[in-house]
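As stored in final26.csv (CSV, C-alpha atoms):
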chain,number,residue,atom,x,y,z
C,4,MET,CA,168.2,-72.4,-209.8
C,5,ALA,CA,164.4,-72.7,-209.9
C,6,MET,CA,162.8,-73.5,-206.6
C,7,PRO,CA,161.2,-76.9,-206.1
C,8,ALA,CA,157.4,-76.6,-206.0
C,9,ASN,CA,157.3,-78.0,-202.4
C,10,LEU,CA,159.4,-75.1,-201.1
C,11,ILE,CA,157.0,-72.5,-202.3
C,12,SER,CA,154.4,-71.6,-199.7
C,13,PRO,CA,150.8,-71.5,-200.9
C,14,ALA,CA,149.6,-68.0,-201.6
C,15,ALA,CA,146.9,-66.1,-203.3
C,16,PRO,CA,146.0,-67.5,-206.8
C,17,ALA,CA,147.8,-66.1,-209.7
C,18,ARG,CA,146.2,-63.1,-211.3
C,19,TRP,CA,146.9,-62.1,-214.9
C,20,GLN,CA,148.8,-59.1,-213.5
C,21,ASP,CA,151.3,-61.6,-211.9
C,22,PHE,CA,152.2,-62.9,-215.4
C,23,LEU,CA,152.7,-59.3,-216.5
C,24,LEU,CA,155.1,-58.8,-213.5
C,25,LEU,CA,157.1,-61.8,-214.6
C,26,MET,CA,158.0,-59.8,-217.7
C,27,LYS,CA,159.6,-57.0,-215.6
C,28,PRO,CA,157.5,-54.1,-217.2
C,29,ARG,CA,159.9,-51.4,-215.9
C,30,VAL,CA,162.9,-53.0,-217.6
C,31,MET,CA,160.7,-53.6,-220.6
C,32,SER,CA,159.9,-49.9,-220.9
C,33,LEU,CA,163.6,-49.1,-221.0
C,34,VAL,CA,164.2,-51.7,-223.7
C,35,ILE,CA,161.4,-50.2,-225.7
C,36,PHE,CA,162.8,-46.7,-225.3
C,37,THR,CA,166.3,-47.7,-226.4
C,38,ALA,CA,165.1,-49.8,-229.3
C,39,ILE,CA,163.0,-46.9,-230.6
C,40,THR,CA,166.0,-44.6,-230.3
C,41,GLY,CA,168.1,-47.1,-232.3
C,42,MET,CA,165.4,-47.4,-234.9
C,43,ALA,CA,165.0,-43.6,-235.2
C,44,SER,CA,168.8,-43.0,-235.2
C,45,SER,CA,169.1,-45.1,-238.4
C,46,ASN,CA,167.3,-42.3,-240.3
C,47,HIS,CA,165.9,-45.1,-242.5
C,48,PRO,CA,162.2,-44.9,-243.5
C,49,ILE,CA,160.2,-47.9,-242.2
C,50,ASN,CA,156.5,-48.7,-242.5
C,51,PRO,CA,154.9,-47.5,-239.2
C,52,ILE,CA,153.1,-50.8,-238.8
C,53,LEU,CA,156.2,-52.8,-239.2
C,54,ALA,CA,158.1,-50.4,-236.9
C,55,SER,CA,155.4,-51.0,-234.2
C,56,VAL,CA,155.5,-54.7,-234.7
C,57,SER,CA,159.3,-54.6,-234.4
C,58,ILE,CA,159.1,-52.7,-231.1
C,59,LEU,CA,156.4,-55.0,-229.8
C,60,CYS,CA,158.5,-58.1,-230.6
C,61,ILE,CA,161.6,-56.6,-229.0
C,62,ALA,CA,159.5,-55.7,-225.9
C,63,VAL,CA,157.9,-59.2,-225.7
C,64,GLY,CA,161.3,-60.8,-226.2
C,65,ALA,CA,162.7,-58.8,-223.3
C,66,GLY,CA,159.7,-59.9,-221.2
C,67,ALA,CA,160.3,-63.5,-222.2
C,68,SER,CA,163.9,-63.4,-221.0
C,69,ALA,CA,162.8,-61.7,-217.8
C,70,SER,CA,160.3,-64.5,-217.2
C,71,LEU,CA,163.0,-67.1,-217.7
C,72,ASN,CA,165.1,-65.2,-215.3
C,73,MET,CA,162.3,-65.2,-212.7
C,74,TRP,CA,161.9,-68.9,-213.1
C,75,TYR,CA,165.6,-69.8,-212.7
C,76,ASP,CA,166.4,-67.2,-210.0
C,77,ALA,CA,163.4,-67.9,-207.7
C,78,ASP,CA,165.7,-69.3,-205.0
C,79,ILE,CA,167.9,-66.2,-205.1
C,80,ASP,CA,164.9,-63.8,-205.3
C,81,ALA,CA,163.3,-65.4,-202.2
C,82,LYS,CA,166.4,-64.5,-200.1
C,83,MET,CA,166.6,-60.8,-201.1
C,84,ARG,CA,164.3,-58.1,-199.7
C,85,ARG,CA,164.2,-56.3,-203.1
C,86,THR,CA,162.9,-59.4,-205.0
C,87,ARG,CA,161.2,-61.7,-202.5
C,88,GLY,CA,157.8,-60.2,-203.4
C,89,ARG,CA,158.1,-61.3,-207.0
C,90,PRO,CA,155.4,-63.7,-208.3
C,91,VAL,CA,157.4,-67.0,-208.2
C,92,PRO,CA,159.2,-66.6,-204.8
C,93,ALA,CA,156.0,-65.2,-203.3
C,94,GLY,CA,154.2,-68.4,-204.4
C,95,ARG,CA,151.6,-66.7,-206.6
C,96,VAL,CA,153.0,-68.3,-209.8
C,97,GLN,CA,154.5,-71.7,-210.2
C,98,GLY,CA,158.0,-71.8,-211.5
C,99,ALA,CA,157.0,-74.1,-214.4
C,100,ASP,CA,154.4,-71.5,-215.5
C,101,ALA,CA,157.1,-68.8,-215.6
C,102,LEU,CA,159.3,-71.1,-217.6
C,103,ALA,CA,156.4,-71.9,-220.0
C,104,LEU,CA,155.6,-68.2,-220.5
C,105,GLY,CA,159.3,-67.4,-221.1
C,106,VAL,CA,159.7,-70.1,-223.7
C,107,ILE,CA,156.5,-69.5,-225.6
C,108,LEU,CA,157.0,-65.7,-225.7
C,109,SER,CA,160.6,-66.2,-226.8
C,110,LEU,CA,159.5,-68.3,-229.8
C,111,PHE,CA,156.6,-66.0,-230.7
C,112,SER,CA,158.6,-62.8,-230.6
C,113,VAL,CA,161.6,-64.1,-232.6
C,114,MET,CA,159.5,-65.9,-235.2
C,115,LEU,CA,157.1,-62.9,-235.7
C,116,LEU,CA,160.0,-60.5,-236.0
C,117,GLY,CA,161.8,-62.7,-238.5
C,118,MET,CA,158.8,-63.4,-240.6
C,119,THR,CA,157.4,-59.9,-240.7
C,120,VAL,CA,160.5,-57.6,-240.5
C,121,ASN,CA,163.8,-59.3,-241.1
C,122,TRP,CA,165.9,-62.2,-239.9
C,123,LEU,CA,168.9,-60.1,-238.8
C,124,ALA,CA,166.8,-58.3,-236.2
C,125,ALA,CA,165.2,-61.7,-235.2
C,126,GLY,CA,168.6,-63.3,-234.9
C,127,LEU,CA,169.8,-60.5,-232.7
C,128,LEU,CA,166.7,-60.7,-230.5
C,129,ALA,CA,167.1,-64.5,-230.2
C,130,PHE,CA,170.8,-64.0,-229.2
C,131,THR,CA,169.8,-61.3,-226.6
C,132,ILE,CA,167.2,-63.6,-225.0
C,133,PHE,CA,169.7,-66.5,-225.0
C,134,PHE,CA,172.5,-64.3,-223.6
C,135,TYR,CA,170.3,-62.9,-220.8
C,136,ALA,CA,168.5,-66.1,-219.8
C,137,VAL,CA,171.3,-68.7,-220.3
C,138,VAL,CA,174.7,-66.9,-220.3
C,139,TYR,CA,173.9,-64.3,-217.6
C,140,THR,CA,171.2,-65.8,-215.5
C,141,MET,CA,172.2,-69.5,-215.5
C,142,TRP,CA,176.0,-69.1,-215.7
C,143,LEU,CA,177.6,-65.7,-215.0
C,144,LYS,CA,175.3,-64.4,-212.2
C,145,ARG,CA,176.2,-67.2,-209.8
C,146,SER,CA,179.8,-67.7,-210.8
C,147,THR,CA,181.7,-64.4,-211.3
C,148,PRO,CA,181.8,-60.8,-209.9
C,149,GLN,CA,182.0,-59.8,-213.6
C,150,ASN,CA,178.4,-61.0,-214.0
C,151,ILE,CA,176.8,-57.7,-214.7
C,152,VAL,CA,179.8,-56.5,-216.8
C,153,ILE,CA,179.5,-59.3,-219.3
C,154,GLY,CA,175.8,-59.8,-218.8
C,155,GLY,CA,175.3,-56.1,-219.5
C,156,LEU,CA,175.5,-56.9,-223.2
C,157,ALA,CA,172.0,-58.3,-223.1
C,158,GLY,CA,170.6,-54.9,-221.9
C,159,ALA,CA,172.8,-53.1,-224.4
C,160,LEU,CA,171.6,-54.8,-227.6
C,161,PRO,CA,168.0,-53.4,-228.0
C,162,PRO,CA,169.1,-50.3,-229.9
C,163,VAL,CA,171.1,-52.5,-232.3
C,164,ILE,CA,168.0,-54.7,-232.8
C,165,GLY,CA,165.9,-51.6,-233.5
C,166,TRP,CA,168.4,-50.3,-236.0
C,167,ALA,CA,168.6,-53.7,-237.7
C,168,ALA,CA,164.8,-53.9,-237.9
C,169,ALA,CA,164.7,-50.5,-239.7
C,170,THR,CA,167.6,-51.1,-242.1
C,171,GLY,CA,168.5,-54.7,-242.2
C,172,THR,CA,172.1,-53.7,-241.2
C,173,THR,CA,174.1,-52.9,-238.1
C,174,PRO,CA,176.6,-50.2,-238.8
C,175,LEU,CA,179.2,-48.9,-236.3
C,176,ASN,CA,176.9,-46.2,-235.0
C,177,ALA,CA,174.4,-48.9,-233.9
C,178,TRP,CA,177.1,-50.7,-232.0
C,179,LEU,CA,178.2,-47.3,-230.5
C,180,LEU,CA,174.8,-47.1,-228.9
C,181,CYS,CA,175.3,-50.6,-227.6
C,182,ALA,CA,178.7,-49.8,-226.3
C,183,ILE,CA,177.3,-46.8,-224.3
C,184,ILE,CA,174.7,-48.9,-222.5
C,185,PHE,CA,177.3,-51.7,-222.0
C,186,MET,CA,179.8,-49.3,-220.3
C,187,TRP,CA,177.0,-47.6,-218.3
C,188,THR,CA,175.9,-50.9,-216.7
C,189,PRO,CA,178.8,-51.5,-214.3
C,190,PRO,CA,178.8,-48.2,-212.5
C,191,HIS,CA,175.0,-48.2,-212.4
C,192,PHE,CA,174.7,-51.7,-210.9
C,193,TRP,CA,177.7,-51.5,-208.6
C,194,ALA,CA,176.3,-48.3,-207.2
C,195,LEU,CA,173.1,-50.2,-206.4
C,196,SER,CA,175.0,-53.2,-205.0
C,197,LEU,CA,177.0,-51.0,-202.7
C,198,TYR,CA,173.9,-50.4,-200.6
C,199,THR,CA,172.3,-53.8,-201.2
C,200,SER,CA,175.4,-56.0,-200.8
C,201,GLU,CA,174.0,-57.7,-197.6
C,202,ASP,CA,171.2,-59.0,-199.7
C,203,TYR,CA,173.5,-60.3,-202.4
C,204,GLU,CA,175.8,-61.9,-199.8
C,205,LYS,CA,172.8,-63.6,-198.1
C,206,ALA,CA,171.7,-65.0,-201.5
C,207,GLY,CA,175.2,-66.1,-202.4
C,208,VAL,CA,175.4,-63.9,-205.5
C,209,PRO,CA,179.1,-62.9,-206.1
C,210,MET,CA,178.5,-59.3,-206.8
C,211,MET,CA,181.6,-57.1,-206.8
C,212,PRO,CA,181.2,-55.6,-203.2
C,213,VAL,CA,180.7,-59.2,-201.9
C,214,THR,CA,183.8,-60.7,-203.4
C,215,ALA,CA,186.2,-57.8,-203.9
C,216,GLY,CA,185.0,-55.6,-201.1
C,217,ALA,CA,183.4,-52.1,-201.1
C,218,ALA,CA,186.7,-50.2,-201.6
C,219,SER,CA,187.6,-52.1,-204.8
C,220,THR,CA,184.1,-51.7,-206.1
C,221,ARG,CA,184.2,-47.9,-205.5
C,222,LYS,CA,187.5,-47.8,-207.4
C,223,GLN,CA,186.1,-49.8,-210.3
C,224,ILE,CA,183.0,-47.5,-210.4
C,225,LEU,CA,185.3,-44.6,-210.8
C,226,ILE,CA,187.4,-46.3,-213.5
C,227,TYR,CA,184.3,-47.4,-215.5
C,228,SER,CA,182.9,-43.9,-215.2
C,229,LEU,CA,186.2,-42.4,-216.6
C,230,LEU,CA,185.7,-44.7,-219.6
C,231,PHE,CA,182.0,-44.3,-219.9
C,232,THR,CA,181.7,-40.5,-219.9
C,233,PRO,CA,184.1,-39.9,-222.8
C,234,LEU,CA,182.4,-42.7,-224.8
C,235,CYS,CA,179.1,-40.8,-224.5
C,236,LEU,CA,180.7,-37.9,-226.4
C,237,VAL,CA,181.7,-40.0,-229.4
C,238,PRO,CA,178.3,-40.0,-231.1
C,239,ALA,CA,178.7,-36.3,-231.7
C,240,PHE,CA,181.8,-37.1,-233.8
C,241,THR,CA,180.4,-40.1,-235.8
C,242,GLY,CA,177.5,-38.4,-237.4
C,243,LEU,CA,175.0,-39.7,-234.8
C,244,GLY,CA,174.5,-36.7,-232.5
C,245,GLY,CA,174.0,-33.0,-232.9
C,246,LYS,CA,174.9,-30.0,-230.8
C,247,PRO,CA,172.1,-30.6,-228.3
C,248,TYR,CA,173.3,-34.2,-227.8
C,249,LEU,CA,176.9,-33.0,-227.2
C,250,SER,CA,175.7,-30.4,-224.6
C,251,VAL,CA,173.7,-33.1,-222.7
C,252,ALA,CA,176.6,-35.5,-222.9
C,253,VAL,CA,179.2,-33.0,-221.6
C,254,LEU,CA,177.1,-31.5,-218.8
C,255,GLY,CA,175.6,-34.9,-217.7
C,256,GLY,CA,179.0,-36.6,-218.0
C,257,ALA,CA,180.5,-33.9,-215.7
C,258,VAL,CA,177.9,-34.5,-213.1
C,259,PHE,CA,178.3,-38.3,-213.5
C,260,LEU,CA,182.0,-38.0,-212.9
C,261,ILE,CA,181.5,-35.8,-209.8
C,262,LEU,CA,179.1,-38.4,-208.3
C,263,ALA,CA,181.5,-41.2,-209.1
C,264,TRP,CA,184.3,-39.3,-207.5
C,265,ARG,CA,182.1,-38.8,-204.4
C,266,ILE,CA,181.5,-42.5,-204.2
C,267,PHE,CA,185.2,-43.2,-204.5
C,268,ARG,CA,186.0,-40.9,-201.6
C,269,SER,CA,183.1,-42.2,-199.5
C,270,ARG,CA,182.7,-45.3,-197.3
C,271,ALA,CA,179.7,-46.5,-199.3
C,272,GLY,CA,179.3,-50.3,-198.8
C,273,ASP,CA,181.6,-50.4,-195.8
C,274,ALA,CA,180.2,-52.2,-192.8
C,275,ALA,CA,179.5,-50.0,-189.8
C,276,ASP,CA,182.6,-49.8,-187.6
C,277,PRO,CA,181.5,-50.2,-184.0
C,278,ARG,CA,184.8,-48.6,-182.8
C,279,GLN,CA,183.7,-45.3,-184.2
C,280,ASP,CA,181.0,-43.3,-182.5
C,281,ASP,CA,179.8,-41.8,-185.8
C,282,GLY,CA,180.2,-45.0,-187.8
C,283,LEU,CA,176.6,-45.6,-188.4
C,284,TYR,CA,176.0,-42.0,-189.5
C,285,ASP,CA,179.0,-42.3,-191.9
C,286,VAL,CA,177.6,-45.4,-193.5
C,287,LYS,CA,174.2,-43.8,-194.0
C,288,ALA,CA,175.8,-40.7,-195.5
C,289,ALA,CA,177.9,-42.9,-197.9
C,290,ALA,CA,174.9,-44.9,-198.9
C,291,LYS,CA,173.5,-41.6,-200.0
C,292,ASP,CA,176.4,-41.1,-202.4
C,293,ALA,CA,175.8,-44.6,-203.9
C,294,ARG,CA,172.1,-43.9,-204.2
C,295,ASN,CA,172.8,-40.5,-205.9
C,296,LEU,CA,175.0,-42.1,-208.6
C,297,PHE,CA,172.5,-45.0,-209.1
C,298,ALA,CA,169.6,-42.5,-209.6
C,299,PHE,CA,171.6,-40.1,-211.8
C,300,SER,CA,172.9,-42.9,-214.0
C,301,ILE,CA,169.3,-43.7,-215.0
C,302,LEU,CA,168.6,-40.0,-215.6
C,303,TYR,CA,171.8,-39.5,-217.6
C,304,LEU,CA,171.2,-42.5,-219.9
C,305,THR,CA,167.6,-41.5,-220.4
C,306,LEU,CA,168.6,-38.0,-221.3
C,307,LEU,CA,171.3,-39.1,-223.7
C,308,PHE,CA,168.9,-41.4,-225.6
C,309,ALA,CA,165.9,-39.0,-225.4
C,310,THR,CA,168.1,-36.2,-226.9
C,311,LEU,CA,169.2,-38.5,-229.7
C,312,LEU,CA,165.6,-39.6,-230.3
C,313,ALA,CA,164.4,-36.0,-230.4
C,314,GLU,CA,167.2,-34.9,-232.7
C,315,HIS,CA,166.3,-37.6,-235.2
C,316,VAL,CA,162.6,-37.1,-235.0
C,317,LEU,CA,162.9,-33.3,-235.3
C,318,GLY,CA,165.5,-33.5,-238.0
C,319,VAL,CA,168.4,-31.8,-236.1
C,320,SER,CA,171.5,-32.1,-238.2
C,321,PRO,CA,174.4,-34.1,-236.7
C,322,ILE,CA,177.7,-32.2,-236.1
C,323,ILE,CA,179.4,-34.2,-238.9
C,324,ALA,CA,178.1,-36.6,-241.6
C,325,PRO,CA,177.9,-40.2,-240.6
C,326,GLY,CA,180.3,-41.5,-243.3
C,327,VAL,CA,181.6,-45.0,-242.6
C,328,PHE,CA,179.9,-45.0,-239.2
C,329,GLY,CA,176.3,-44.8,-240.3
P,20,MET,CA,141.8,-70.8,-190.6
P,21,SER,CA,141.2,-70.7,-194.4
P,22,ASP,CA,137.7,-70.7,-195.8
P,23,PRO,CA,137.5,-73.2,-198.6
P,24,VAL,CA,134.4,-71.6,-200.2
P,25,ARG,CA,136.1,-68.2,-200.2
P,26,ASP,CA,139.4,-69.7,-201.6
P,27,THR,CA,137.4,-71.3,-204.4
P,28,GLU,CA,135.7,-68.1,-205.3
P,29,LEU,CA,139.1,-66.3,-205.3
P,30,GLU,CA,140.6,-69.0,-207.4
P,31,ALA,CA,137.7,-68.9,-209.9
P,32,LYS,CA,137.9,-65.1,-210.1
P,33,ALA,CA,141.6,-65.3,-210.7
P,34,ARG,CA,141.2,-68.0,-213.3
P,35,GLN,CA,138.6,-66.1,-215.1
P,36,GLY,CA,140.9,-63.0,-215.2
P,37,ARG,CA,143.7,-65.1,-216.6
P,38,ASN,CA,141.4,-66.7,-219.2
P,39,ILE,CA,140.2,-63.3,-220.4
P,40,ALA,CA,143.7,-62.0,-220.6
P,41,LEU,CA,144.8,-65.0,-222.6
P,42,ALA,CA,141.9,-64.7,-224.9
P,43,LEU,CA,142.5,-61.0,-225.5
P,44,GLY,CA,146.2,-61.8,-226.1
P,45,LEU,CA,145.3,-64.4,-228.7
P,46,VAL,CA,142.8,-62.2,-230.5
P,47,LEU,CA,145.3,-59.3,-230.6
P,48,PHE,CA,147.9,-61.7,-232.0
P,49,VAL,CA,145.6,-62.8,-234.8
P,50,ILE,CA,144.7,-59.2,-235.6
P,51,LEU,CA,148.4,-58.3,-235.6
P,52,VAL,CA,149.3,-61.1,-238.0
P,53,PHE,CA,146.4,-60.1,-240.3
P,54,ILE,CA,147.4,-56.4,-240.4
P,55,VAL,CA,151.1,-57.3,-241.0
P,56,THR,CA,150.1,-59.7,-243.8
P,57,VAL,CA,148.0,-57.0,-245.5
P,58,THR,CA,150.8,-54.6,-245.1
P,59,HIS,CA,153.2,-57.0,-246.8
P,60,LEU,CA,150.7,-58.0,-249.5
P,61,LYS,CA,149.7,-54.5,-250.4
P,62,GLY,CA,152.7,-53.6,-252.6
P,63,ASN,CA,153.0,-57.1,-254.1
P,64,VAL,CA,149.3,-57.2,-255.0
P,65,ILE,CA,149.6,-53.9,-256.9
P,66,GLU,CA,152.8,-54.8,-258.6
P,67,ARG,CA,151.9,-58.4,-259.6
P,68,PRO,CA,151.9,-59.3,-263.3
P,69,LEU,CA,148.3,-59.4,-264.6
Rendering of file as structure tokens:
Amino acid sequence: MAMPANLISPAAPARWQDFLLLMKPRVMSLVIFTAITGMASSNHPINPILASVSILCIAVGAGASASLNMWYDADIDAKMRRTRGRPVPAGRVQGADALALGVILSLFSVMLLGMTVNWLAAGLLAFTIFFYAVVYTMWLKRSTPQNIVIGGLAGALPPVIGWAAATGTTPLNAWLLCAIIFMWTPPHFWALSLYTSEDYEKAGVPMMPVTAGAASTRKQILIYSLLFTPLCLVPAFTGLGGKPYLSVAVLGGAVFLILAWRIFRSRAGDAADPRQDDGLYDVKAAAKDARNLFAFSILYLTLLFATLLAEHVLGVSPIIAPGVFG
Amino acid sequence: MSDPVRDTELEAKARQGRNIALALGLVLFVILVFIVTVTHLKGNVIERPL
């Protein structure tokens, strides 16, 4: 819930850069990248100006939902090391200003996308903002350990919006890109939460390691990885990906599974056991396994989407024709 | 102890930066809407019945 104004300590005055930070520029860059990939994968000609406006609207919409998230989660952010420097908990920006920025940019991005490109893309963008800001931030995040599993849909939708902006439709291949990001989210975030669970516990966020324990989280990371990696191969058989994509998916998927298996066998997320002399060392070593999967998961998803993007820009033929999928 | 003069200067500088950023954002938005409008009009103007 948003922090009352009197709990925020006075700090340096808000600079324009603080308002940019409210929009989570790093997340925004990932959204732009996946939306462009969705747009390019549709193989549908689109006016470059309208394509640029679409991507801008999707990026601003993502920034708007991030700003709403920063407003509502200021109390949680203030308790966690990773997030306490954010503009609202640090006191540089008032919560009401973050809320205003989020609402105004949401309206502008959705209306502009609808009026200039098409209303299917605009509707999907509006749904994405609503899902992230209301369903995930205000409801799921504080109430269930499945928060990032279900909430992951918001982060998975940008390629579908990009595809819809280019074509006015959302065929199965667009939803396949969405499914890949959706299934990637749990192992990615749970790997992170294994070595930051103390922060989440302190903030009262029911992340999986906090509620179900580290061992259960490690098992679920492995299960989701076993589902995610074969799913990454599917685009090669639905007319979306070519041979380069299949190679990246197979090789990267193998590494992903190895890293997920290492986490499963490790003690990542376990508290240090004072009865063991080498307990602290074990925990540090295990945290390394969690960090490795977290870092590689970003690289793997980037490589998958970059390969798809390159294939469609360079005109590399898919292994089979899209047929009913495209 | 805080220096009220210095704080005011800092605030004024920050406010000026925010105002410039907001003005630039609005100008860019107007230019964007103009360009998109022309893009949409272009085909229709050529194809309109005379």
Can I get the residues of chain P within 6 Å of chain C, each with the closest pair of atoms and their distance in Å to one decimal, using all atoms listed in the file, sorted chain first then ascending number, as a tab-separated table?
residue	atom	partner	partner_atom	distance
P:Glu30	CA	C:Pro16	CA	5.6
P:Ala33	CA	C:Arg18	CA	5.1
P:Arg37	CA	C:Trp19	CA	4.7
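Computed from the coordinates, the CA of His315 (chain C) to CA of Ala177 (chain C) distance equals 14.0 Å.
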> What is the CA of Tyr203 (chain C)-CA of Arg85 (chain C) distance in Å, reported with one decimal?
Replying inline: 10.1 Å
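Between CA of Thr173 (chain C) and CA of Pro238 (chain C) there is a distance of 15.3 Å.
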>> I want to know what sits within 9 Å of region 57-63 of chain C, based on all atoms listed in the file, with residues of the same chain fewer than 4 positions away left out; could you give that as a list in words?
In response: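 Final neighbour list, sorted by chain and number: Met26, Met31, Ser32, Val34, Ile35, Ala38, Ile39, Ile52, Leu53, Ala67, Ser68, Leu108, Ser109, Phe111, Ser112, Val113, Leu115, Leu116, Thr119, Val120, Ala124, Ala125, Leu128, Pro161, Ile164, Gly165, Ala168 and Ala169 of chain C.
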Selected residues written out, C-alpha atoms, as a PDB file, keeping the file's coordinate frame:
ATOM      1  CA  MET C  26     158.000 -59.800-217.700  1.00  0.00           C
ATOM      2  CA  MET C  31     160.700 -53.600-220.600  1.00  0.00           C
ATOM      3  CA  SER C  32     159.900 -49.900-220.900  1.00  0.00           C
ATOM      4  CA  VAL C  34     164.200 -51.700-223.700  1.00  0.00           C
ATOM      5  CA  ILE C  35     161.400 -50.200-225.700  1.00  0.00           C
ATOM      6  CA  ALA C  38     165.100 -49.800-229.300  1.00  0.00           C
ATOM      7  CA  ILE C  39     163.000 -46.900-230.600  1.00  0.00           C
ATOM      8  CA  ILE C  52     153.100 -50.800-238.800  1.00  0.00           C
ATOM      9  CA  LEU C  53     156.200 -52.800-239.200  1.00  0.00           C
ATOM     10  CA  ALA C  67     160.300 -63.500-222.200  1.00  0.00           C
ATOM     11  CA  SER C  68     163.900 -63.400-221.000  1.00  0.00           C
ATOM     12  CA  LEU C 108     157.000 -65.700-225.700  1.00  0.00           C
ATOM     13  CA  SER C 109     160.600 -66.200-226.800  1.00  0.00           C
ATOM     14  CA  PHE C 111     156.600 -66.000-230.700  1.00  0.00           C
ATOM     15  CA  SER C 112     158.600 -62.800-230.600  1.00  0.00           C
ATOM     16  CA  VAL C 113     161.600 -64.100-232.600  1.00  0.00           C
ATOM     17  CA  LEU C 115     157.100 -62.900-235.700  1.00  0.00           C
ATOM     18  CA  LEU C 116     160.000 -60.500-236.000  1.00  0.00           C
ATOM     19  CA  THR C 119     157.400 -59.900-240.700  1.00  0.00           C
ATOM     20  CA  VAL C 120     160.500 -57.600-240.500  1.00  0.00           C
ATOM     21  CA  ALA C 124     166.800 -58.300-236.200  1.00  0.00           C
ATOM     22  CA  ALA C 125     165.200 -61.700-235.200  1.00  0.00           C
ATOM     23  CA  LEU C 128     166.700 -60.700-230.500  1.00  0.00           C
ATOM     24  CA  PRO C 161     168.000 -53.400-228.000  1.00  0.00           C
ATOM     25  CA  ILE C 164     168.000 -54.700-232.800  1.00  0.00           C
ATOM     26  CA  GLY C 165     165.900 -51.600-233.500  1.00  0.00           C
ATOM     27  CA  ALA C 168     164.800 -53.900-237.900  1.00  0.00           C
ATOM     28  CA  ALA C 169     164.700 -50.500-239.700  1.00  0.00           C
TER      29      ALA C 169
END
> Gly155 (chain C): which residues within 12 Å, counting all atoms listed in the file, same-chain residues fewer than 4 positions away excluded, as a PyMOL selection string?
Replying inline: chain C and resi 131+134-135+138-140+143-144+149-151+159-161+181-192
Expected file contents, prior selection, C-alpha atoms, as an mmCIF file, keeping the file's coordinate frame:
data_model
loop_
_atom_site.group_PDB
_atom_site.id
_atom_site.type_symbol
_atom_site.label_atom_id
_atom_site.label_comp_id
_atom_site.auth_asym_id
_atom_site.auth_seq_id
_atom_site.Cartn_x
_atom_site.Cartn_y
_atom_site.Cartn_z
ATOM 1 C CA THR C 131 169.800 -61.300 -226.600
ATOM 2 C CA PHE C 134 172.500 -64.300 -223.600
ATOM 3 C CA TYR C 135 170.300 -62.900 -220.800
ATOM 4 C CA VAL C 138 174.700 -66.900 -220.300
ATOM 5 C CA TYR C 139 173.900 -64.300 -217.600
ATOM 6 C CA THR C 140 171.200 -65.800 -215.500
ATOM 7 C CA LEU C 143 177.600 -65.700 -215.000
ATOM 8 C CA LYS C 144 175.300 -64.400 -212.200
ATOM 9 C CA GLN C 149 182.000 -59.800 -213.600
ATOM 10 C CA ASN C 150 178.400 -61.000 -214.000
ATOM 11 C CA ILE C 151 176.800 -57.700 -214.700
ATOM 12 C CA ALA C 159 172.800 -53.100 -224.400
ATOM 13 C CA LEU C 160 171.600 -54.800 -227.600
ATOM 14 C CA PRO C 161 168.000 -53.400 -228.000
ATOM 15 C CA CYS C 181 175.300 -50.600 -227.600
ATOM 16 C CA ALA C 182 178.700 -49.800 -226.300
ATOM 17 C CA ILE C 183 177.300 -46.800 -224.300
ATOM 18 C CA ILE C 184 174.700 -48.900 -222.500
ATOM 19 C CA PHE C 185 177.300 -51.700 -222.000
ATOM 20 C CA MET C 186 179.800 -49.300 -220.300
ATOM 21 C CA TRP C 187 177.000 -47.600 -218.300
ATOM 22 C CA THR C 188 175.900 -50.900 -216.700
ATOM 23 C CA PRO C 189 178.800 -51.500 -214.300
ATOM 24 C CA PRO C 190 178.800 -48.200 -212.500
ATOM 25 C CA HIS C 191 175.000 -48.200 -212.400
ATOM 26 C CA PHE C 192 174.700 -51.700 -210.900
#
